[in-house]
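Enquirer: Just one file: upload-v1.txt, with compact mmCIF, C-alpha atoms.
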```
# COMPACT_ATOMS: atom_id res chain seq x y z
CA MET A 1 44.53 -98.56 36.45
CA THR A 2 42.03 -97.63 39.15
CA GLY A 3 43.29 -94.05 39.12
CA ILE A 4 42.89 -93.83 35.35
CA ASN A 5 39.32 -95.15 35.55
CA LYS A 6 38.44 -92.56 38.19
CA ASN A 7 39.94 -89.80 36.08
CA SER A 8 38.15 -91.12 33.00
CA SER A 9 34.80 -90.90 34.81
CA ARG A 10 35.61 -87.36 35.86
CA TYR A 11 36.42 -86.37 32.26
CA LEU A 12 33.20 -87.99 31.01
CA LEU A 13 31.10 -85.55 33.03
CA ASN A 14 33.36 -82.50 32.79
CA PRO A 15 31.78 -80.09 30.26
CA VAL A 16 35.02 -78.07 29.96
CA HIS A 17 36.58 -80.91 27.97
CA TYR A 18 33.62 -81.01 25.56
CA LEU A 19 32.90 -77.34 24.88
CA GLY A 20 33.21 -77.86 21.12
CA GLY A 21 31.07 -80.99 21.22
CA ILE A 22 28.39 -79.28 23.31
CA THR A 23 28.35 -76.40 20.82
CA PHE A 24 27.74 -78.90 18.02
CA LEU A 25 25.03 -80.57 20.12
CA PHE A 26 23.18 -77.25 20.46
CA PHE A 27 23.54 -76.75 16.71
CA LEU A 28 21.85 -80.11 16.06
CA VAL A 29 19.01 -79.14 18.41
CA GLN A 30 18.62 -75.96 16.36
CA ILE A 31 18.47 -77.95 13.13
CA LEU A 32 15.89 -80.44 14.42
CA THR A 33 13.64 -77.82 15.98
CA GLY A 34 14.16 -75.56 12.95
CA VAL A 35 12.85 -78.25 10.58
CA PHE A 36 9.72 -78.50 12.72
CA LEU A 37 9.26 -74.71 12.64
CA VAL A 38 9.87 -74.48 8.87
CA MET A 39 7.10 -77.00 8.28
CA ASN A 40 4.62 -74.76 10.12
CA PHE A 41 5.88 -71.23 9.41
CA ILE A 42 4.69 -69.38 6.29
CA PRO A 43 7.24 -66.68 5.25
CA TYR A 44 4.73 -64.29 3.66
CA ILE A 45 3.88 -60.97 5.25
CA THR A 46 0.15 -61.68 5.01
CA GLU A 47 0.41 -65.02 6.83
CA ALA A 48 3.72 -65.02 8.74
CA TYR A 49 2.40 -63.70 12.04
CA GLN A 50 -0.71 -65.90 11.89
CA SER A 51 1.47 -68.99 11.35
CA LEU A 52 3.72 -67.94 14.24
CA TYR A 53 0.62 -67.42 16.41
CA TYR A 54 -0.55 -70.91 15.44
CA ILE A 55 2.84 -72.42 16.42
CA MET A 56 2.93 -70.66 19.78
CA ASN A 57 -0.71 -70.87 20.86
CA GLN A 58 -2.41 -73.77 19.06
CA LEU A 59 0.12 -76.31 17.77
CA PRO A 60 0.74 -79.03 20.40
CA TYR A 61 4.12 -78.38 22.11
CA GLY A 62 4.83 -75.69 19.51
CA PHE A 63 5.80 -73.13 22.16
CA ILE A 64 8.33 -75.56 23.67
CA ILE A 65 9.82 -76.33 20.25
CA ARG A 66 10.26 -72.63 19.49
CA THR A 67 11.71 -72.06 22.96
CA LEU A 68 14.17 -74.92 22.44
CA HIS A 69 15.11 -73.40 19.08
CA ARG A 70 15.87 -70.01 20.62
CA TYR A 71 17.60 -71.23 23.76
CA SER A 72 19.80 -73.64 21.80
CA ALA A 73 20.86 -70.73 19.55
CA PHE A 74 21.96 -68.69 22.57
CA GLY A 75 23.59 -71.78 24.06
CA MET A 76 25.50 -72.38 20.83
CA LEU A 77 26.77 -68.79 20.84
CA ILE A 78 27.88 -68.90 24.49
CA LEU A 79 29.53 -72.31 24.20
CA CYS A 80 31.28 -71.33 20.98
CA ILE A 81 32.81 -68.30 22.72
CA LEU A 82 33.84 -70.38 25.75
CA HIS A 83 35.37 -73.01 23.45
CA MET A 84 37.46 -70.35 21.70
CA ILE A 85 38.55 -68.85 25.04
CA ARG A 86 39.75 -72.28 26.17
CA MET A 87 41.64 -72.79 22.90
CA PHE A 88 43.29 -69.39 23.31
CA VAL A 89 44.23 -69.84 26.97
CA THR A 90 45.75 -73.27 26.31
CA GLY A 91 47.64 -72.00 23.25
CA ARG A 92 45.78 -74.23 20.82
CA TYR A 93 45.32 -71.52 18.22
CA LEU A 94 48.91 -71.54 16.95
CA LYS A 95 50.16 -73.49 13.95
CA PRO A 96 49.35 -76.22 13.02
CA ARG A 97 46.05 -75.56 14.82
CA ASP A 98 45.56 -72.28 12.96
CA VAL A 99 43.11 -73.85 10.48
CA GLY A 100 40.86 -74.90 13.34
CA TRP A 101 41.12 -71.45 14.92
CA VAL A 102 40.26 -69.57 11.70
CA SER A 103 37.39 -71.92 10.82
CA GLY A 104 36.12 -71.52 14.40
CA ILE A 105 36.11 -67.72 13.99
CA ILE A 106 34.08 -68.11 10.79
CA LEU A 107 31.65 -70.46 12.54
CA LEU A 108 31.21 -67.93 15.36
CA PHE A 109 30.36 -65.24 12.80
CA PHE A 110 27.85 -67.56 11.12
CA THR A 111 26.27 -68.27 14.50
CA ILE A 112 25.79 -64.55 15.15
CA VAL A 113 24.23 -64.05 11.70
CA ILE A 114 21.91 -67.04 12.24
CA ILE A 115 20.67 -65.60 15.53
CA ILE A 116 20.08 -62.11 14.08
CA THR A 117 18.31 -63.34 10.92
CA GLY A 118 16.26 -65.81 12.94
CA PHE A 119 15.13 -63.08 15.31
CA ILE A 120 14.12 -60.80 12.42
CA SER A 121 12.49 -63.48 10.25
CA SER A 122 10.34 -64.71 13.17
CA TYR A 123 8.00 -61.83 12.28
CA ASP A 124 6.83 -61.15 15.82
CA VAL A 125 6.00 -57.57 16.81
CA PHE A 126 9.60 -56.47 17.37
CA ALA A 127 10.75 -58.20 14.19
CA GLN A 128 8.07 -56.36 12.25
CA ALA A 129 9.27 -53.07 13.76
CA ILE A 130 12.82 -53.88 12.61
CA LEU A 131 11.59 -54.77 9.12
CA ASN A 132 9.68 -51.48 8.99
CA ASN A 133 12.89 -49.70 9.92
CA MET A 134 14.78 -51.63 7.21
CA ALA A 135 12.18 -50.64 4.62
CA GLU A 136 12.55 -47.01 5.64
CA VAL A 137 16.37 -47.06 5.62
CA PHE A 138 16.68 -48.85 2.27
CA ASN A 139 13.74 -46.93 0.80
CA VAL A 140 11.78 -50.09 0.08
CA GLY A 141 8.12 -49.62 -0.79
CA ARG A 142 5.33 -51.77 0.55
CA ARG A 143 5.30 -53.81 -2.67
CA ASP A 144 8.85 -54.92 -1.98
CA PHE A 145 8.38 -55.37 1.76
CA GLN A 146 7.93 -59.06 1.12
CA MET A 147 11.39 -59.09 -0.48
CA LEU A 148 12.98 -57.98 2.80
CA LEU A 149 11.37 -60.81 4.73
CA SER A 150 12.29 -63.33 2.01
CA VAL A 151 15.95 -62.20 1.95
CA VAL A 152 16.35 -62.34 5.74
CA TYR A 153 14.54 -65.69 5.95
CA GLY A 154 16.67 -67.02 3.09
CA PHE A 155 19.88 -66.07 4.92
CA HIS A 156 18.55 -67.77 8.05
CA LEU A 157 18.16 -71.01 6.09
CA LEU A 158 21.42 -70.64 4.12
CA PHE A 159 23.89 -70.06 6.93
CA PRO A 160 23.24 -73.38 8.75
CA ILE A 161 24.26 -75.09 5.48
CA LEU A 162 27.47 -73.04 5.46
CA VAL A 163 28.03 -74.04 9.08
CA PHE A 164 28.00 -77.71 8.05
CA VAL A 165 30.52 -76.99 5.27
CA PHE A 166 32.96 -75.27 7.61
CA LEU A 167 32.41 -77.88 10.33
CA ILE A 168 33.85 -80.45 7.93
CA THR A 169 37.02 -78.34 7.72
CA HIS A 170 36.94 -77.73 11.46
CA PHE A 171 36.72 -81.44 12.33
CA SER A 172 38.81 -82.92 9.50
CA ARG A 173 42.05 -81.41 10.81
CA ILE A 174 41.81 -83.62 13.93
CA ALA A 175 42.62 -87.31 13.79
CA ARG A 176 40.16 -88.23 16.58
CA PRO A 177 37.77 -85.30 17.02
CA LYS A 178 35.33 -85.30 19.96
CA ILE A 179 32.34 -84.30 17.86
CA PHE A 180 29.83 -85.09 20.60
CA PRO A 181 30.14 -84.90 24.38
CA SER A 182 30.07 -88.14 26.31
CA MET A 183 26.74 -89.96 26.38
CA PRO A 184 25.99 -89.22 30.09
CA LEU A 185 26.84 -85.55 29.59
CA THR A 186 24.69 -85.39 26.44
CA PHE A 187 21.62 -86.65 28.30
CA ILE A 188 22.27 -84.26 31.19
CA ILE A 189 22.58 -81.23 28.88
CA LEU A 190 19.51 -82.14 26.81
CA GLY A 191 17.54 -82.77 30.00
CA ILE A 192 18.49 -79.36 31.41
CA LEU A 193 17.61 -77.68 28.10
CA VAL A 194 14.17 -79.31 27.98
CA VAL A 195 13.41 -78.53 31.64
CA VAL A 196 14.47 -74.88 31.28
CA SER A 197 12.40 -74.55 28.09
CA GLY A 198 9.38 -75.98 29.86
CA LEU A 199 9.74 -73.79 32.97
CA PHE A 200 10.66 -70.57 31.16
CA PRO A 201 9.06 -70.68 27.69
CA ILE A 202 8.88 -67.77 25.27
CA SER A 203 5.84 -65.59 25.95
CA SER A 204 2.72 -66.48 23.99
CA LEU A 205 1.48 -64.14 21.26
CA VAL A 206 -1.69 -62.09 21.00
CA GLU A 207 -3.85 -62.50 17.92
CA ASN A 208 -3.93 -58.83 16.86
CA PRO A 209 -0.78 -57.14 18.17
CA ASP A 210 0.07 -53.45 18.11
CA ILE A 211 3.28 -53.00 16.17
CA PRO A 212 5.60 -50.62 18.07
CA SER A 213 6.58 -47.52 16.12
CA GLN A 214 10.21 -48.01 17.16
CA GLY A 215 12.14 -51.22 17.52
CA PHE A 216 15.80 -52.02 17.35
CA SER A 217 17.34 -49.73 14.74
CA ILE A 218 18.66 -51.63 11.72
CA ILE A 219 21.49 -49.07 11.53
CA SER A 220 22.62 -49.93 15.06
CA ILE A 221 22.33 -53.66 14.30
CA LEU A 222 24.48 -53.31 11.16
CA LEU A 223 26.97 -51.09 13.00
CA ASN A 224 27.35 -53.57 15.87
CA LEU A 225 27.64 -56.45 13.40
CA GLY A 226 30.38 -54.52 11.58
CA ILE A 227 32.28 -53.95 14.83
CA VAL A 228 31.98 -57.63 15.77
CA SER A 229 33.09 -58.65 12.26
CA ALA A 230 36.19 -56.44 12.49
CA LEU A 231 37.05 -57.90 15.90
CA LEU A 232 36.63 -61.45 14.60
CA LEU A 233 38.83 -60.62 11.60
CA LEU A 234 41.60 -59.49 13.93
CA LEU A 235 41.22 -62.67 16.00
CA ALA A 236 41.42 -64.77 12.82
CA PHE A 237 44.92 -63.38 12.13
CA LEU A 238 46.05 -63.87 15.74
CA PRO A 239 47.91 -67.18 15.09
CA TYR A 240 50.08 -65.44 12.49
CA PHE A 241 51.06 -62.53 14.76
CA SER A 242 52.11 -64.61 17.74
CA ARG A 243 55.82 -65.27 18.26
CA LYS A 244 55.34 -68.00 20.82
CA LYS A 245 57.81 -70.81 20.28
CA ARG A 246 56.31 -74.07 19.08
CA ILE A 247 57.31 -77.25 20.87
CA TYR A 248 58.07 -80.37 18.87
CA ALA A 249 58.83 -83.95 19.74
CA TYR A 250 62.14 -85.31 18.48
CA VAL A 251 63.48 -88.85 18.12
CA ASP A 252 66.93 -90.12 19.05
CA GLU A 253 67.52 -92.13 15.87
CA ASN A 254 70.60 -93.83 17.31
CA ARG A 255 68.53 -95.59 19.99
CA CYS A 256 65.16 -95.97 18.18
CA THR A 257 64.15 -99.61 17.68
CA GLY A 258 61.66 -98.89 14.91
CA CYS A 259 58.68 -100.45 16.70
CA MET A 260 56.50 -97.52 15.49
CA TYR A 261 54.20 -97.82 18.49
CA CYS A 262 54.51 -94.05 18.83
CA ALA A 263 52.97 -93.63 15.37
CA GLU A 264 49.99 -95.76 16.38
CA VAL A 265 49.13 -93.66 19.42
CA CYS A 266 49.87 -90.23 17.91
CA PRO A 267 46.47 -88.45 17.69
CA LYS A 268 47.68 -86.12 14.93
CA LYS A 269 49.39 -88.74 12.72
CA ALA A 270 52.60 -86.74 13.00
CA ILE A 271 55.03 -89.68 13.15
CA GLU A 272 56.12 -91.74 10.16
CA GLU A 273 58.70 -94.35 9.29
CA LYS A 274 62.13 -93.27 8.13
CA HIS A 275 64.81 -95.50 6.62
CA ILE A 276 68.42 -94.77 7.56
CA THR A 277 71.72 -96.59 7.20
CA LYS A 278 73.32 -97.70 10.46
CA ASN A 279 76.43 -99.88 10.59
CA LYS A 280 76.04 -100.41 6.85
CA GLN A 281 72.52 -101.77 7.39
CA LEU A 282 69.22 -100.21 6.32
CA ILE A 283 67.01 -99.87 9.39
CA THR A 284 63.63 -98.29 10.15
CA VAL A 285 63.26 -95.54 12.73
CA ALA A 286 60.51 -93.11 13.68
CA THR A 287 60.58 -89.50 12.55
CA VAL A 288 58.40 -86.57 13.61
CA LEU A 289 56.66 -84.37 11.03
CA ASN A 290 57.03 -80.91 12.57
CA HIS A 291 54.23 -79.36 10.52
CA LYS A 292 51.77 -81.82 12.12
CA CYS A 293 53.25 -82.18 15.60
CA GLN A 294 51.35 -80.27 18.29
CA GLY A 295 53.62 -81.12 21.19
CA CYS A 296 51.01 -83.05 23.17
CA GLY A 297 53.62 -85.54 24.47
CA ILE A 298 51.53 -88.71 24.08
CA CYS A 299 54.31 -90.29 22.01
CA VAL A 300 56.78 -89.55 24.84
CA GLY A 301 54.70 -91.41 27.38
CA ALA A 302 54.05 -94.30 24.99
CA CYS A 303 57.63 -94.87 23.80
CA ARG A 304 58.87 -98.12 25.34
CA SER A 305 62.52 -97.30 24.66
CA SER A 306 62.32 -93.70 25.95
CA VAL A 307 63.88 -92.32 22.77
CA ILE A 308 61.31 -89.54 22.18
CA GLN A 309 61.43 -86.26 24.07
CA LEU A 310 59.78 -82.84 23.96
CA GLU A 311 61.85 -79.68 23.79
CA ASP A 312 62.29 -77.78 27.07
CA HIS A 313 59.99 -80.03 29.12
CA LYS A 314 60.79 -81.50 32.51
CA ASP A 315 59.95 -85.18 32.85
CA GLU A 316 57.64 -84.92 35.89
CA ILE A 317 55.59 -82.09 34.36
CA LEU A 318 55.48 -83.81 31.00
CA LEU A 319 54.30 -87.14 32.42
CA GLU A 320 51.37 -85.41 34.16
CA GLU A 321 50.39 -83.64 30.92
CA VAL A 322 50.69 -86.88 28.95
CA ARG A 323 48.50 -88.71 31.47
CA LYS A 324 45.74 -86.09 31.07
CA ALA A 325 46.05 -86.05 27.27
CA TRP A 326 45.98 -89.84 27.11
CA ILE A 327 42.78 -89.99 29.19
CA GLU A 328 41.12 -87.44 26.89
CA GLN A 329 42.12 -89.36 23.74
CA THR A 330 40.88 -92.71 25.04
CA LEU A 331 37.41 -91.52 26.09
```
Output the structure of this file as structure tokens.
Expert:
Amino acid sequence: MTGINKNSSRYLLNPVHYLGGITFLFFLVQILTGVFLVMNFIPYITEAYQSLYYIMNQLPYGFIIRTLHRYSAFGMLILCILHMIRMFVTGRYLKPRDVGWVSGIILLFFTIVIIITGFISSYDVFAQAILNNMAEVFNVGRRDFQMLLSVVYGFHLLFPILVFVFLITHFSRIARPKIFPSMPLTFIILGILVVVSGLFPISSLVENPDIPSQGFSIISILLNLGIVSALLLLLAFLPYFSRKKRIYAYVDENRCTGCMYCAEVCPKKAIEEKHITKNKQLITVATVLNHKCQGCGICVGACRSSVIQLEDHKDEILLEEVRKAWIEQTL
């Protein structure tokens, strides 16, 4: 028991086991700081820069809020990529985890779009240069220049809503999702984010800036976004191209006592009751639903009668994996 408690403490502070939860935490920071910015930002070309100048230079703690908003966006992108790398390396993108993988790819794309539209709709000097380039490329006159800003700003507000919709799908597939990191780790991450934002804030703005004649080309931005989208599309189909053999748990029905304790501890709800006839008597045994089973092995370690096994797994290796999985599920 002492060993489990020590391991539990280690898992509580290990960010690798909460990459998805930390990503969601950064997303919530974006939402909260974004609401504050929306209340003070005016998305009209005649007043947008002045409202941004007010936020950065005059509004109390406005520069820290905007810095938190930007840093949390970059943090969300980085953590989302790290989370997907971990899922890929550990083989957690194959069926039946394919829904989580595909929805995660979509969420990564939404994150990229949120960052790009947020950067452009901020209406600072470089954003204005990009909007000027957009107006030139799409042959938009100065009368419709406001339309460009409104469209980009509208997308920046729309995609976080879509993120929430797909997060429901992303989380609902898991019986006990770790939506947030552990409480100690949450305070540590938020503390680091606030300290970094205070020490390295976004540069303040000048009241009458000179708009650069050239900024980031909208053509290059759209081209890079298209390349990234194509790459993400290929990654989304990755679970359906892989030929890696799935591992299932199986029950020895002849020795199963029907206690169903395995069904209680299964994190994926992949074990159900099954009624069979044995010695002319109707008895209850456990059965594994292969389309839900993810081969974690928790049921193997929990079975009191040792009637559940995983395919092609040695006992000593399996017990170590079960111990780690059990610690993660009980945190």
Enquirer: List every protein, DNA or RNA residue with an atom no more than 8 Å from (42.8, -65.9, 21.0) in the file's coordinates, counting all atoms listed in the file, and format the result as an mmCIF file with C-alpha atoms, in the coordinates of the input.
Expert:
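Just written: out_10.cif:
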```
data_model
loop_
_atom_site.group_PDB
_atom_site.id
_atom_site.type_symbol
_atom_site.label_atom_id
_atom_site.label_comp_id
_atom_site.auth_asym_id
_atom_site.auth_seq_id
_atom_site.Cartn_x
_atom_site.Cartn_y
_atom_site.Cartn_z
ATOM 1 C CA MET A 84 37.460 -70.350 21.700
ATOM 2 C CA ILE A 85 38.550 -68.850 25.040
ATOM 3 C CA MET A 87 41.640 -72.790 22.900
ATOM 4 C CA PHE A 88 43.290 -69.390 23.310
ATOM 5 C CA VAL A 89 44.230 -69.840 26.970
ATOM 6 C CA TYR A 93 45.320 -71.520 18.220
ATOM 7 C CA LEU A 235 41.220 -62.670 16.000
ATOM 8 C CA LEU A 238 46.050 -63.870 15.740
ATOM 9 C CA PRO A 239 47.910 -67.180 15.090
#
```
Enquirer: Measuring between all atoms listed in the file, which one of A:Ala270, A:Ala236, A:Cys259, A:Leu205 shows the shortest distance to Phe109 of chain A?
Expert: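 Result for the nearest residue to Phe109 of chain A: A:Ala236.
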Enquirer: Give one line per residue of segment 140-221 of chain A that approaches segment 44-61 of chain A to at most 12 Å, naming the two atoms of the closest pair and their distance in Å to one decimal, counting only C-alpha atoms; sort by chain then ascending residue number and deliver it as a tab-separated table.
Expert:
```
residue	atom	partner	partner_atom	distance
A:Arg142	CA	A:Ile45	CA	10.4
A:Arg143	CA	A:Ile45	CA	10.8
A:Asp144	CA	A:Ile45	CA	10.7
A:Phe145	CA	A:Ile45	CA	8.0
A:Gln146	CA	A:Ile45	CA	6.1
A:Met147	CA	A:Tyr44	CA	9.4
A:Leu148	CA	A:Ile45	CA	9.9
A:Leu149	CA	A:Ile45	CA	7.5
A:Ser150	CA	A:Tyr44	CA	7.8
A:Val151	CA	A:Tyr44	CA	11.5
A:Val152	CA	A:Tyr44	CA	12.0
A:Tyr153	CA	A:Tyr44	CA	10.2
A:Val194	CA	A:Tyr61	CA	11.7
A:Ser197	CA	A:Tyr61	CA	10.9
A:Gly198	CA	A:Tyr61	CA	9.7
A:Pro201	CA	A:Met56	CA	10.0
A:Ile202	CA	A:Met56	CA	8.6
A:Ser203	CA	A:Met56	CA	8.5
A:Ser204	CA	A:Met56	CA	5.9
A:Leu205	CA	A:Tyr53	CA	5.9
A:Val206	CA	A:Tyr53	CA	7.4
A:Glu207	CA	A:Tyr53	CA	6.8
A:Asn208	CA	A:Gln50	CA	9.2
A:Pro209	CA	A:Tyr49	CA	9.5
A:Ile211	CA	A:Tyr49	CA	11.5
```
Enquirer: Atom CA of Lys274 of chain A to atom CA of Lys95 of chain A: how many Å, to one decimal?
Expert: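 About the pair atom CA of Lys274 of chain A and atom CA of Lys95 of chain A: they are 23.8 Å apart.
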Enquirer: What does the distance from atom CA of His69 of chain A to atom CA of Phe26 of chain A come to in Å, to one decimal?
Expert: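 Atom-to-atom, atom CA of His69 of chain A and atom CA of Phe26 of chain A are spaced 9.0 Å apart.
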Enquirer: Using Å and a single decimal, report how far atom CA of Glu272 of chain A sits from atom CA of Met260 of chain A.
Expert: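 Atom-to-atom, atom CA of Met260 of chain A and atom CA of Glu272 of chain A are spaced 7.9 Å apart.
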Enquirer: For Ile179 of chain A, which residue among A:Phe27, A:Tyr240, A:Asn132, A:Gly258 is the nearest when counting only C-alpha atoms?
Expert: A:Phe27
Enquirer: Need the neighbours of (49.2, -90.3, 11.7): which residues are at most 12 Å away, counting only C-alpha atoms, as a list in words?
Expert: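 The residues that fall inside the cut-off are Arg173, Ile174, Ala175, Arg176, Met260, Tyr261, Cys262, Ala263, Glu264, Val265, Cys266, Pro267, Lys268, Lys269, Ala270, Ile271, Glu272, Glu273, Ala286, Thr287, Val288, Leu289, Lys292, Cys293 and Cys299 of chain A.
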Enquirer: So, counting only C-alpha atoms, which residue among A:Leu158, A:Val29, A:Ile221, A:Val163 is closest to Ile120 of chain A?
Expert: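 The answer is A:Ile221, which sits nearest to Ile120 of chain A.
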Enquirer: With all atoms listed in the file as the basis for distance, which of A:Gly104, A:Gly154, A:Gly91, A:Gly20 is at the shortest distance from Ser121 of chain A?
Expert: A:Gly154
Enquirer: Calculated over all atoms listed in the file, which of the candidates A:Gly301, A:Pro43, A:Gly295, A:Pro184 has the smallest distance to Pro96 of chain A?
Expert: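 Looking only at the distances to Pro96 of chain A, the closest residue turns out to be A:Gly295.
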Enquirer: Set the distance at 8 Å and use all atoms listed in the file: which residues neighbour Ile65 of chain A once local chain neighbours fewer than 2 positions away are removed? I'd like the list as a PyMOL selection string.
Expert: chain A and resi 33+36-37+61-63+67-69
Enquirer: Since we have the selection now, will you write its residues out, keeping C-alpha atoms, as a tab-separated table (two decimals), keeping the file's coordinate frame?
Expert:
```
chain	number	residue	atom	x	y	z
A	33	THR	CA	13.64	-77.82	15.98
A	36	PHE	CA	9.72	-78.50	12.72
A	37	LEU	CA	9.26	-74.71	12.64
A	61	TYR	CA	4.12	-78.38	22.11
A	62	GLY	CA	4.83	-75.69	19.51
A	63	PHE	CA	5.80	-73.13	22.16
A	67	THR	CA	11.71	-72.06	22.96
A	68	LEU	CA	14.17	-74.92	22.44
A	69	HIS	CA	15.11	-73.40	19.08
```
